[in-house]
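Printed here is final-v8.cif (mmCIF, C-alpha atoms):
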```
data_entry
#
loop_
_atom_site.label_atom_id
_atom_site.label_comp_id
_atom_site.auth_asym_id
_atom_site.auth_seq_id
_atom_site.Cartn_x
_atom_site.Cartn_y
_atom_site.Cartn_z
CA MET A 1 0.00 0.00 0.00
CA SER A 2 1.40 3.42 -0.95
CA ARG A 3 1.67 6.16 1.65
CA PRO A 4 -1.55 8.24 1.86
CA PHE A 5 -1.59 12.03 1.50
CA GLY A 6 1.87 12.18 -0.05
CA GLY A 7 3.68 11.76 3.27
CA ASP A 8 2.35 15.03 4.74
CA PRO A 9 1.30 14.94 8.40
CA VAL A 10 -2.43 14.47 8.99
CA LEU A 11 -4.40 16.09 11.80
CA VAL A 12 -7.18 13.97 13.29
CA ALA A 13 -9.53 16.35 15.12
CA GLY A 14 -11.39 14.48 17.84
CA ALA A 15 -10.29 11.54 20.00
CA GLY A 16 -13.60 9.71 20.00
CA VAL A 17 -14.21 6.21 18.67
CA SER A 18 -13.98 7.18 15.00
CA GLY A 19 -11.06 9.55 15.59
CA LEU A 20 -8.93 6.96 17.37
CA ALA A 21 -9.77 4.40 14.68
CA ALA A 22 -8.81 6.89 11.95
CA ALA A 23 -5.54 7.72 13.68
CA THR A 24 -4.64 4.04 14.05
CA ALA A 25 -5.45 3.33 10.40
CA LEU A 26 -3.31 6.25 9.24
CA VAL A 27 -0.35 5.13 11.34
CA ASP A 28 -0.69 1.61 9.94
CA ALA A 29 -0.66 3.14 6.44
CA GLY A 30 2.63 4.92 7.17
CA ALA A 31 1.36 8.45 7.80
CA ARG A 32 2.53 10.83 10.49
CA VAL A 33 -0.55 11.49 12.63
CA LEU A 34 -1.31 14.35 15.03
CA LEU A 35 -4.41 14.04 17.23
CA SER A 36 -6.23 16.95 18.87
CA ASP A 37 -9.16 17.11 21.26
CA ASP A 38 -10.76 19.77 23.44
CA ARG A 39 -10.53 17.35 26.39
CA ALA A 40 -6.99 17.28 27.73
CA ASP A 41 -7.44 13.85 29.30
CA ALA A 42 -8.39 12.38 25.91
CA LEU A 43 -4.79 12.90 24.75
CA ALA A 44 -3.18 11.25 27.77
CA ALA A 45 -2.96 7.71 26.36
CA LEU A 46 -2.92 7.45 22.57
CA PRO A 47 -2.33 4.53 20.18
CA ASP A 48 1.30 3.82 19.29
CA GLY A 49 2.64 6.22 16.70
CA VAL A 50 0.01 8.91 17.27
CA GLU A 51 1.28 12.30 18.47
CA PRO A 52 -0.88 14.58 20.64
CA TRP A 53 -1.45 18.09 19.33
CA ARG A 54 -2.24 20.62 22.05
CA GLY A 55 -1.29 23.78 20.20
CA GLY A 56 -4.75 24.61 18.89
CA GLY A 57 -5.54 25.32 15.27
CA ILE A 58 -3.87 23.48 12.41
CA PRO A 59 -0.20 22.45 12.73
CA GLU A 60 2.34 23.53 10.13
CA GLY A 61 2.63 21.18 7.17
CA VAL A 62 -0.81 19.60 7.59
CA ARG A 63 -2.74 19.45 4.32
CA THR A 64 -5.58 17.19 5.49
CA VAL A 65 -7.79 17.22 8.58
CA VAL A 66 -9.88 14.19 9.51
CA THR A 67 -12.73 15.60 11.58
CA SER A 68 -15.20 14.01 13.95
CA PRO A 69 -18.60 13.67 12.25
CA GLY A 70 -20.41 16.13 14.50
CA ARG A 71 -18.11 19.07 13.73
CA ARG A 72 -20.22 21.69 11.96
CA PRO A 73 -19.13 23.33 8.72
CA ASP A 74 -19.00 26.71 10.51
CA HIS A 75 -16.65 25.46 13.26
CA PRO A 76 -13.54 27.68 13.72
CA LEU A 77 -11.20 24.80 12.87
CA VAL A 78 -13.04 24.22 9.58
CA ALA A 79 -12.97 27.94 8.81
CA GLU A 80 -9.21 28.02 9.45
CA ALA A 81 -8.69 25.00 7.23
CA THR A 82 -10.70 26.59 4.43
CA GLY A 83 -8.65 29.76 4.64
CA LEU A 84 -5.39 27.78 4.45
CA GLY A 85 -6.55 25.53 1.63
CA VAL A 86 -6.45 22.49 3.91
CA GLU A 87 -8.86 19.65 3.05
CA VAL A 88 -11.34 18.53 5.72
CA ILE A 89 -12.73 14.99 5.49
CA GLY A 90 -14.45 12.50 7.76
CA GLU A 91 -13.50 9.01 8.89
CA PRO A 92 -15.67 7.26 6.23
CA GLU A 93 -13.96 9.31 3.49
CA LEU A 94 -10.60 8.27 4.90
CA ALA A 95 -11.78 4.64 4.87
CA TRP A 96 -12.80 5.00 1.22
CA ARG A 97 -9.38 6.34 0.24
CA LEU A 98 -7.46 3.73 2.23
CA GLY A 99 -9.64 0.99 0.78
CA ALA A 100 -8.91 2.23 -2.75
CA LEU A 101 -5.19 1.65 -2.09
CA ARG A 102 -5.76 -2.05 -1.45
CA ASP A 103 -5.21 -4.66 -4.17
CA THR A 104 -8.92 -5.50 -3.99
CA PRO A 105 -10.97 -2.56 -2.62
CA PRO A 106 -14.09 -3.54 -0.67
CA SER A 107 -17.55 -2.98 -2.10
CA TRP A 108 -19.64 -0.45 -0.16
CA LEU A 109 -23.40 -0.78 0.35
CA VAL A 110 -24.46 2.48 2.00
CA VAL A 111 -27.62 2.99 4.06
CA THR A 112 -28.90 6.41 5.13
CA GLY A 113 -32.18 8.11 6.02
CA THR A 114 -33.74 10.00 8.89
CA ASN A 115 -35.21 6.84 10.45
CA GLY A 116 -34.49 3.14 10.17
CA LYS A 117 -30.78 3.15 9.26
CA THR A 118 -29.55 0.80 11.96
CA THR A 119 -32.26 -1.81 11.45
CA THR A 120 -31.76 -1.82 7.69
CA THR A 121 -27.97 -2.00 7.96
CA GLU A 122 -28.13 -4.94 10.38
CA MET A 123 -30.58 -6.76 8.11
CA LEU A 124 -28.39 -6.06 5.09
CA ALA A 125 -25.31 -7.50 6.80
CA ALA A 126 -27.30 -10.56 7.94
CA ILE A 127 -28.61 -11.22 4.42
CA LEU A 128 -25.10 -10.94 2.99
CA ALA A 129 -23.74 -13.34 5.61
CA ARG A 130 -26.48 -15.88 4.84
CA ALA A 131 -25.58 -15.57 1.16
CA GLY A 132 -22.00 -16.55 1.98
CA VAL A 133 -20.52 -13.09 1.45
CA ASP A 134 -17.66 -11.86 3.66
CA ALA A 135 -19.44 -8.74 4.95
CA VAL A 136 -19.68 -6.62 8.09
CA ALA A 137 -21.97 -3.84 9.35
CA CYS A 138 -20.04 -0.65 10.09
CA GLY A 139 -20.16 3.14 10.17
CA ASN A 140 -22.68 5.02 12.26
CA ILE A 141 -23.80 1.67 13.67
CA GLY A 142 -20.77 1.75 16.00
CA HIS A 143 -17.98 -0.08 14.11
CA PRO A 144 -15.70 2.47 12.37
CA VAL A 145 -15.46 2.05 8.60
CA VAL A 146 -11.65 2.38 8.66
CA THR A 147 -11.52 -0.59 11.03
CA ALA A 148 -13.78 -2.64 8.76
CA VAL A 149 -11.52 -1.81 5.79
CA ALA A 150 -8.41 -2.82 7.75
CA GLU A 151 -10.07 -6.13 8.62
CA GLY A 152 -10.16 -6.92 4.92
CA HIS A 153 -13.87 -7.65 4.41
CA ALA A 154 -15.07 -8.01 0.83
CA VAL A 155 -18.32 -6.08 1.34
CA LEU A 156 -19.18 -3.33 3.82
CA ALA A 157 -22.76 -2.64 4.92
CA VAL A 158 -22.21 1.01 5.87
CA GLU A 159 -24.64 3.10 7.89
CA LEU A 160 -23.88 6.77 7.28
CA SER A 161 -25.45 9.79 8.92
CA SER A 162 -25.95 13.12 7.17
CA PHE A 163 -22.90 14.43 9.05
CA GLN A 164 -20.71 11.60 7.81
CA LEU A 165 -21.97 11.98 4.25
CA HIS A 166 -21.25 15.72 4.32
CA TRP A 167 -17.60 14.99 5.08
CA SER A 168 -17.37 12.14 2.49
CA PRO A 169 -17.17 13.83 -0.94
CA SER A 170 -15.50 10.93 -2.81
CA VAL A 171 -17.51 7.93 -1.62
CA ARG A 172 -19.20 6.13 -4.52
CA PRO A 173 -20.88 2.98 -3.20
CA ALA A 174 -21.70 -0.06 -5.30
CA ALA A 175 -25.24 0.55 -4.08
CA GLY A 176 -26.74 3.14 -1.76
CA VAL A 177 -30.19 3.64 -0.28
CA VAL A 178 -32.02 6.67 1.10
CA LEU A 179 -34.79 5.26 3.28
CA ASN A 180 -36.65 8.50 4.03
CA VAL A 181 -35.97 12.18 4.65
CA ALA A 182 -37.70 14.27 7.33
CA GLU A 183 -36.70 17.58 8.91
CA ASP A 184 -33.70 16.91 11.14
CA HIS A 185 -30.40 18.56 12.07
CA LEU A 186 -31.38 21.72 10.23
CA ASP A 187 -29.28 23.78 12.64
CA TRP A 188 -26.19 21.79 11.60
CA HIS A 189 -26.85 21.74 7.86
CA GLY A 190 -28.42 25.20 7.61
CA GLY A 191 -31.71 24.10 6.04
CA THR A 192 -33.74 21.28 4.55
CA ASP A 193 -32.10 21.48 1.12
CA ALA A 194 -28.59 21.04 2.51
CA TYR A 195 -29.74 18.18 4.75
CA ALA A 196 -31.35 16.39 1.79
CA ALA A 197 -28.29 17.06 -0.36
CA ALA A 198 -26.10 15.34 2.23
CA LYS A 199 -28.40 12.30 2.19
CA ALA A 200 -28.32 12.28 -1.63
CA ARG A 201 -24.58 11.55 -1.59
CA ALA A 202 -25.51 7.93 -0.85
CA LEU A 203 -27.04 7.76 -4.34
CA LEU A 204 -23.95 8.64 -6.38
CA GLY A 205 -22.72 5.08 -7.03
CA ASP A 206 -23.65 2.39 -9.53
CA VAL A 207 -27.05 1.51 -8.02
CA ALA A 208 -29.31 4.00 -6.23
CA VAL A 209 -32.22 2.75 -4.08
CA GLY A 210 -34.90 4.98 -2.61
CA GLY A 211 -38.12 4.71 -0.66
CA VAL A 212 -40.58 6.01 -3.23
CA ASP A 213 -43.40 6.24 -0.67
CA ASP A 214 -41.42 9.12 0.89
CA PRO A 215 -41.69 12.21 -1.35
CA VAL A 216 -38.23 13.59 -0.61
CA ALA A 217 -36.49 10.22 -0.94
CA ALA A 218 -38.38 9.64 -4.20
CA ARG A 219 -37.23 13.03 -5.51
CA LEU A 220 -33.61 12.31 -4.59
CA LEU A 221 -33.82 8.95 -6.34
CA GLY A 222 -35.21 10.60 -9.47
CA GLU A 223 -32.39 13.14 -9.45
CA SER A 224 -29.65 10.57 -8.85
CA PRO A 225 -27.01 10.20 -11.61
CA ALA A 226 -26.66 6.47 -10.86
CA PRO A 227 -26.83 4.24 -13.95
CA ARG A 228 -29.37 2.01 -12.14
CA ARG A 229 -32.18 3.44 -9.98
CA VAL A 230 -34.43 1.16 -7.94
CA GLY A 231 -37.50 2.14 -5.91
CA VAL A 232 -39.04 0.34 -2.95
CA THR A 233 -42.67 0.68 -1.93
CA LEU A 234 -45.28 -0.78 0.41
CA GLY A 235 -47.60 -1.26 -2.55
CA PRO A 236 -47.36 -3.41 -5.67
CA PRO A 237 -44.05 -2.62 -7.37
CA GLY A 238 -43.78 -1.03 -10.78
CA PRO A 239 -40.89 -1.55 -13.19
CA ASP A 240 -37.48 -1.22 -11.47
CA GLN A 241 -39.10 -1.48 -8.05
CA LEU A 242 -39.44 -3.87 -5.12
CA GLY A 243 -42.72 -3.94 -3.23
CA VAL A 244 -45.53 -6.06 -1.81
CA ALA A 245 -47.92 -7.81 -4.20
CA ASP A 246 -50.65 -10.02 -2.72
CA GLY A 247 -48.80 -10.25 0.57
CA VAL A 248 -45.48 -11.27 -1.02
CA LEU A 249 -42.27 -9.27 -1.21
CA THR A 250 -41.83 -8.94 -4.96
CA ASP A 251 -38.84 -7.97 -7.11
CA ARG A 252 -39.48 -6.21 -10.41
CA ALA A 253 -36.02 -4.65 -10.54
CA PHE A 254 -33.57 -7.56 -10.69
CA GLY A 255 -35.73 -10.30 -12.18
CA GLY A 256 -36.28 -12.18 -8.93
CA GLY A 257 -40.10 -12.16 -8.98
CA ALA A 258 -41.78 -13.39 -5.77
CA LEU A 259 -39.22 -13.46 -2.95
CA LEU A 260 -40.77 -14.03 0.44
CA ALA A 261 -44.10 -13.81 2.22
CA ALA A 262 -44.32 -10.40 3.89
CA ASP A 263 -45.55 -12.04 7.09
CA ALA A 264 -42.24 -13.95 7.32
CA VAL A 265 -40.52 -10.72 8.27
CA VAL A 266 -40.44 -10.60 12.08
CA PRO A 267 -41.84 -8.40 13.53
CA GLY A 268 -44.40 -8.12 10.76
CA ALA A 269 -45.00 -4.36 10.90
CA ALA A 270 -45.37 -2.50 7.62
CA ARG A 271 -42.24 -0.47 8.23
CA ASP A 272 -40.21 -3.66 8.66
CA HIS A 273 -41.48 -5.05 5.35
CA ARG A 274 -40.11 -1.89 3.74
CA ARG A 275 -36.76 -2.27 5.49
CA ALA A 276 -36.59 -5.91 4.41
CA ARG A 277 -37.00 -4.91 0.76
CA ARG A 278 -34.38 -2.18 1.09
CA GLY A 279 -32.06 -4.65 2.77
CA ARG A 280 -32.60 -7.08 -0.11
CA ALA A 281 -31.97 -4.45 -2.77
CA GLY A 282 -28.35 -4.08 -1.62
CA PRO A 283 -27.21 -7.71 -1.86
CA ARG A 284 -29.23 -8.25 -5.03
CA ALA A 285 -27.39 -5.34 -6.63
CA ARG A 286 -24.05 -6.76 -5.39
CA CYS A 287 -24.57 -10.52 -5.72
CA GLY A 288 -27.40 -10.98 -8.22
CA PRO A 289 -31.06 -11.96 -7.91
CA GLY A 290 -30.32 -15.33 -6.29
CA ALA A 291 -28.58 -13.95 -3.20
CA HIS A 292 -31.61 -14.38 -0.94
CA ARG A 293 -32.11 -18.01 -2.00
CA ARG A 294 -28.70 -19.42 -1.14
CA ARG A 295 -30.07 -21.49 1.69
CA PRO A 296 -33.27 -23.54 1.72
CA GLY A 297 -36.29 -21.40 2.40
CA GLY A 298 -34.50 -18.12 1.69
CA VAL A 299 -33.46 -15.56 4.26
CA HIS A 300 -35.94 -14.60 6.97
CA PRO A 301 -34.68 -11.33 8.38
CA ARG A 302 -35.49 -10.54 11.98
CA PRO A 303 -34.94 -6.83 12.67
CA ALA A 304 -33.07 -6.28 15.90
CA PRO A 305 -34.50 -3.96 18.58
CA GLN A 306 -33.20 -0.42 18.19
CA ARG A 307 -30.22 -0.04 20.54
CA PRO A 308 -31.75 -2.25 23.27
CA GLY A 309 -31.04 -1.74 26.91
CA ARG A 310 -30.19 1.95 26.89
CA ARG A 311 -31.42 3.90 29.87
CA ALA A 312 -30.97 7.53 30.82
CA ARG A 313 -28.05 7.58 33.24
CA ARG A 314 -28.76 10.82 35.06
CA CYS A 315 -32.50 10.91 35.64
CA HIS A 316 -32.93 7.12 35.88
CA LEU A 317 -36.03 7.11 33.70
CA PRO A 318 -36.36 4.42 31.01
CA ARG A 319 -35.57 5.75 27.54
CA ARG A 320 -37.32 2.97 25.70
CA LEU A 321 -40.62 1.14 25.51
CA GLN A 322 -40.22 -2.60 25.03
CA GLY A 323 -36.85 -2.30 23.29
CA ASP A 324 -37.65 0.45 20.79
CA GLN A 325 -35.95 3.81 20.26
CA PRO A 326 -36.76 6.97 22.20
CA ALA A 327 -38.95 9.37 20.26
CA ARG A 328 -36.24 11.91 19.52
CA ARG A 329 -38.00 13.13 16.38
CA ARG A 330 -41.49 14.51 16.03
CA GLY A 331 -42.44 11.84 13.48
CA ARG A 332 -41.79 9.11 16.04
CA ALA A 333 -43.53 10.66 19.01
CA GLY A 334 -47.08 9.69 18.10
CA ARG A 335 -46.02 6.11 17.41
CA ARG A 336 -44.28 5.70 20.78
CA ARG A 337 -47.18 6.55 23.08
CA ARG A 338 -48.63 3.06 23.46
CA PRO A 339 -46.51 0.53 25.42
CA ALA A 340 -46.95 -3.21 25.10
CA ALA A 341 -49.89 -4.81 26.88
CA GLY A 342 -49.38 -4.85 30.64
CA ALA A 343 -46.29 -2.63 30.53
CA ARG A 344 -45.89 0.55 32.58
CA ALA A 345 -44.33 3.59 30.97
CA VAL A 346 -43.52 7.22 31.62
CA TRP A 347 -43.76 9.46 28.56
CA VAL A 348 -41.53 12.53 28.89
CA VAL A 349 -42.86 15.23 26.56
CA GLY A 350 -40.97 18.30 25.40
CA GLY A 351 -37.34 19.26 25.09
CA LEU A 352 -35.52 20.38 21.99
CA LEU A 353 -36.63 19.33 18.54
CA LYS A 354 -33.42 18.62 16.63
CA GLY A 355 -33.15 21.59 14.32
CA SER A 356 -36.68 21.34 12.93
CA THR A 357 -38.68 24.36 11.87
CA ARG A 358 -41.80 22.92 13.51
CA PRO A 359 -42.72 23.45 17.17
CA SER A 360 -41.83 20.75 19.68
CA SER A 361 -44.41 18.22 20.87
CA ALA A 362 -44.92 20.28 24.01
CA GLY A 363 -45.90 23.32 21.95
CA SER A 364 -42.83 25.40 22.69
CA PRO A 365 -41.15 27.39 19.91
CA PRO A 366 -38.34 25.64 18.04
CA ARG A 367 -34.85 25.91 19.48
CA THR A 368 -31.60 24.66 18.02
CA PRO A 369 -28.85 23.49 20.41
CA SER A 370 -25.48 24.44 18.94
CA GLY A 371 -23.70 21.52 20.58
CA TRP A 372 -26.04 18.76 19.42
CA ARG A 373 -24.26 15.69 18.11
CA GLY A 374 -27.03 13.56 16.66
CA SER A 375 -26.58 10.85 14.06
CA SER A 376 -29.33 10.95 11.46
#
```

Output the file's structure as structure tokens, nothing else.
Amino acid sequence: MSRPFGGDPVLVAGAGVSGLAAATALVDAGARVLLSDDRADALAALPDGVEPWRGGGIPEGVRTVVTSPGRRPDHPLVAEATGLGVEVIGEPELAWRLGALRDTPPSWLVVTGTNGKTTTTEMLAAILARAGVDAVACGNIGHPVVTAVAEGHAVLAVELSSFQLHWSPSVRPAAGVVLNVAEDHLDWHGGTDAYAAAKARALLGDVAVGGVDDPVAARLLGESPAPRRVGVTLGPPGPDQLGVADGVLTDRAFGGGALLAADAVVPGAARDHRRARRGRAGPRARCGPGAHRRRPGGVHPRPAPQRPGRRARRCHLPRRLQGDQPARRRGRAGRRRRPAAGARAVWVVGGLLKGSTRPSSAGSPPRTPSGWRGSS
């Protein structure tokens, strides 16, 4: 593998999970790596070969900054980099470039959207594994993409947030899906158009997949330059779509025809049928229409609970109802009010609506926390 970035030192800004993984990958690739963080204790014990940078700003000689995903485009470090002509990228972009240096670069299957990314990514990785493909789920799901690339997997099921996509200008996945797009992180992106444009970067590869029941996702799919565009829907599919016909998940995009009874998806909620079809679109684009049939009976995806077991650590109130996600977005709030039969629940209403232009569920005017580090 050739040395990345021409041998110039690289500044990794942020000593979180992705930052430490990026720094380690760069050292392994032969780069000189400086690591900065606002928390002094975060620089106390660094991976071998990584140098702490406590001077503030951008060190002399640095031509590339690898930033943490939550760093906003108007952050002072980004502004300084822009003024100096220094490139700012994210950890997934670094993973893409390091992967391209390998003899056999991995194939990327990218999943994004306001809701449902983690479930879809996990299902995608499970389907690929059942099809006998060397694949791993990574990205915003918790496993850094640079680590997955270093592990040498053939296919990466990559969950990417709008933040990560913003800082990933070169990524061109083999297939990418936009599940849905609702108002979110508008304070970070500066508006709905910029937020949607970040999501649309998932659709710049060979195969673009979009949820055509969602008007914004459908528009982004229609505008995608991808040579192959595939829609998914809850209704009967049209040409170049996957959908549900007479209770059966049906493929009219890759020639697979009837795939699987919709009720075989567990749990059998309508939204999980849609995620199952999106999950199938990725491996079918990568492996062909027979990928889901490589074991008797096909693949029966079982969506995992969303981040199970999390509880608020400070107020000691449960953050979930029967294993599902907290209603952090307005669109989820109405669907989270009813707990399972016999369960007791406390519904905490109000707080900050993440950058939306609409009022919060408690009726207060919209507010935008400058330090928010969400992951949609």

### Message
One decimal, in Å: what's the spacing between CA of Ala154 (chain A) and CA of Gly99 (chain A)?
### Response
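Between these atoms lies a distance of 10.5 Å.
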
Residue members of the PyMOL selection byres ((chain A and resi 245) around 10) in the file shown, as an mmCIF file with C-alpha atoms, in the frame of the given file:
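The result, stored in expr_13.cif:
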```cif
data_model
loop_
_atom_site.group_PDB
_atom_site.id
_atom_site.type_symbol
_atom_site.label_atom_id
_atom_site.label_comp_id
_atom_site.auth_asym_id
_atom_site.auth_seq_id
_atom_site.Cartn_x
_atom_site.Cartn_y
_atom_site.Cartn_z
ATOM 1 C CA LEU A 234 -45.280 -0.780 0.410
ATOM 2 C CA GLY A 235 -47.600 -1.260 -2.550
ATOM 3 C CA PRO A 236 -47.360 -3.410 -5.670
ATOM 4 C CA PRO A 237 -44.050 -2.620 -7.370
ATOM 5 C CA LEU A 242 -39.440 -3.870 -5.120
ATOM 6 C CA GLY A 243 -42.720 -3.940 -3.230
ATOM 7 C CA VAL A 244 -45.530 -6.060 -1.810
ATOM 8 C CA ASP A 246 -50.650 -10.020 -2.720
ATOM 9 C CA GLY A 247 -48.800 -10.250 0.570
ATOM 10 C CA VAL A 248 -45.480 -11.270 -1.020
ATOM 11 C CA LEU A 249 -42.270 -9.270 -1.210
ATOM 12 C CA THR A 250 -41.830 -8.940 -4.960
ATOM 13 C CA ASP A 251 -38.840 -7.970 -7.110
ATOM 14 C CA ALA A 258 -41.780 -13.390 -5.770
ATOM 15 C CA ALA A 261 -44.100 -13.810 2.220
ATOM 16 C CA ALA A 262 -44.320 -10.400 3.890
#
```

### Task
Give as an NGL selection string the set of residues within 12 Å of the point (-36.4, 12.0, 4.3), where distances use the file's coordinates and all atoms listed in the file.
:A and (112-117 or 162 or 177-185 or 192-193 or 195-200 or 210-221 or 331 or 376)

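Between CA of Ile58 (chain A) and CA of Ala13 (chain A) lies a distance of 9.5 Å.
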
### Residues returned when the PyMOL selection byres ((chain A and resi 77) around 10) runs on this file, as a PyMOL selection string
chain A and resi 13+56-58+65+67+71-76+78-83+88

### Task
Could you jot down the CA of Gly7 (chain A) to CA of Ala44 (chain A) separation for me, Å, one decimal place?
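A separation of 25.4 Å between them.
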
#### Entry: For region 29-42 of chain A: contacts at 9 Å, all atoms listed in the file, fewer than 5 positions along chain excluded, given as a VMD selection string
chain A and resid 1 to 16 19 to 20 23 to 24 49 to 56 59 98

#### Entry: Selection result for the PyMOL selection byres ((chain A and resi 169) around 8) on this file, as number ranges by chain
A: 89, 93, 165-168, 170-171, 201

Write a file of the selected residues as a PDB file, in the frame of the given file, keeping C-alpha atoms.
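File selection04.pdb, as written:
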```
ATOM      1  CA  ILE A  89     -12.730  14.990   5.490  1.00  0.00           C
ATOM      2  CA  GLU A  93     -13.960   9.310   3.490  1.00  0.00           C
ATOM      3  CA  LEU A 165     -21.970  11.980   4.250  1.00  0.00           C
ATOM      4  CA  HIS A 166     -21.250  15.720   4.320  1.00  0.00           C
ATOM      5  CA  TRP A 167     -17.600  14.990   5.080  1.00  0.00           C
ATOM      6  CA  SER A 168     -17.370  12.140   2.490  1.00  0.00           C
ATOM      7  CA  SER A 170     -15.500  10.930  -2.810  1.00  0.00           C
ATOM      8  CA  VAL A 171     -17.510   7.930  -1.620  1.00  0.00           C
ATOM      9  CA  ARG A 201     -24.580  11.550  -1.590  1.00  0.00           C
TER      10      ARG A 201
END
```

### Task
Name the closest residue to Leu26 (chain A) among the candidates A:Val136, A:Ala174, A:Ala150, A:Ala45; distances are taken between atoms, counting all atoms listed in the file.
A:Ala150

Given all atoms listed in the file, how would the per-residue table for region 149-221 of chain A near region 137-141 of chain A read, listing every residue at most 8 Å away with its closest atom pair and distance in Å to one decimal, sorted by chain and number, as a tab-separated table?
```
residue	atom	partner	partner_atom	distance
A:Leu156	CA	A:Ala137	CA	6.2
A:Ala157	CA	A:Ala137	CA	4.7
A:Val158	CA	A:Cys138	CA	5.0
A:Glu159	CA	A:Gly139	CA	5.0
A:Leu160	CA	A:Asn140	CA	5.4
A:Ser161	CA	A:Asn140	CA	6.4
```

With C-alpha atoms retained, export the selected residues as an mmCIF file, in the frame of the given file.
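As a result, result20.cif now contains:
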```
data_model
loop_
_atom_site.group_PDB
_atom_site.id
_atom_site.type_symbol
_atom_site.label_atom_id
_atom_site.label_comp_id
_atom_site.auth_asym_id
_atom_site.auth_seq_id
_atom_site.Cartn_x
_atom_site.Cartn_y
_atom_site.Cartn_z
ATOM 1 C CA LEU A 156 -19.180 -3.330 3.820
ATOM 2 C CA ALA A 157 -22.760 -2.640 4.920
ATOM 3 C CA VAL A 158 -22.210 1.010 5.870
ATOM 4 C CA GLU A 159 -24.640 3.100 7.890
ATOM 5 C CA LEU A 160 -23.880 6.770 7.280
ATOM 6 C CA SER A 161 -25.450 9.790 8.920
#
```

### Task
List the neighbours of Arg229 (chain A) out to 6 Å using all atoms listed in the file; skip same-chain residues closer than 2 positions along the sequence, and give me the result as an NGL selection string.
:A and (207-209)

### Query
For Pro239 (chain A), which residue out of A:Ala226, A:Leu46, A:Ala253, A:Val17 is the nearest one, using all atoms listed in the file?
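That would be A:Ala253, the residue with the smallest distance to Pro239 (chain A).
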
Near Ala175 (chain A), within 7 Å and counting only C-alpha atoms, which residues show up once chain neighbours fewer than 2 positions away are dropped, as a PDB file with C-alpha atoms, keeping the file's coordinate frame?
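Final output, saved to around_37.pdb:
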```pdb
ATOM      1  CA  TRP A 108     -19.640  -0.450  -0.160  1.00  0.00           C
ATOM      2  CA  LEU A 109     -23.400  -0.780   0.350  1.00  0.00           C
ATOM      3  CA  VAL A 110     -24.460   2.480   2.000  1.00  0.00           C
ATOM      4  CA  PRO A 173     -20.880   2.980  -3.200  1.00  0.00           C
ATOM      5  CA  VAL A 177     -30.190   3.640  -0.280  1.00  0.00           C
ATOM      6  CA  GLY A 205     -22.720   5.080  -7.030  1.00  0.00           C
ATOM      7  CA  ASP A 206     -23.650   2.390  -9.530  1.00  0.00           C
ATOM      8  CA  VAL A 207     -27.050   1.510  -8.020  1.00  0.00           C
ATOM      9  CA  ALA A 208     -29.310   4.000  -6.230  1.00  0.00           C
ATOM     10  CA  GLY A 282     -28.350  -4.080  -1.620  1.00  0.00           C
ATOM     11  CA  ALA A 285     -27.390  -5.340  -6.630  1.00  0.00           C
TER      12      ALA A 285
END
```

### Query
Which is closer to Asp48 (chain A) than all the others in A:Val111, A:Ala126, A:Gly255, A:Val27, using all atoms listed in the file?
A:Val27
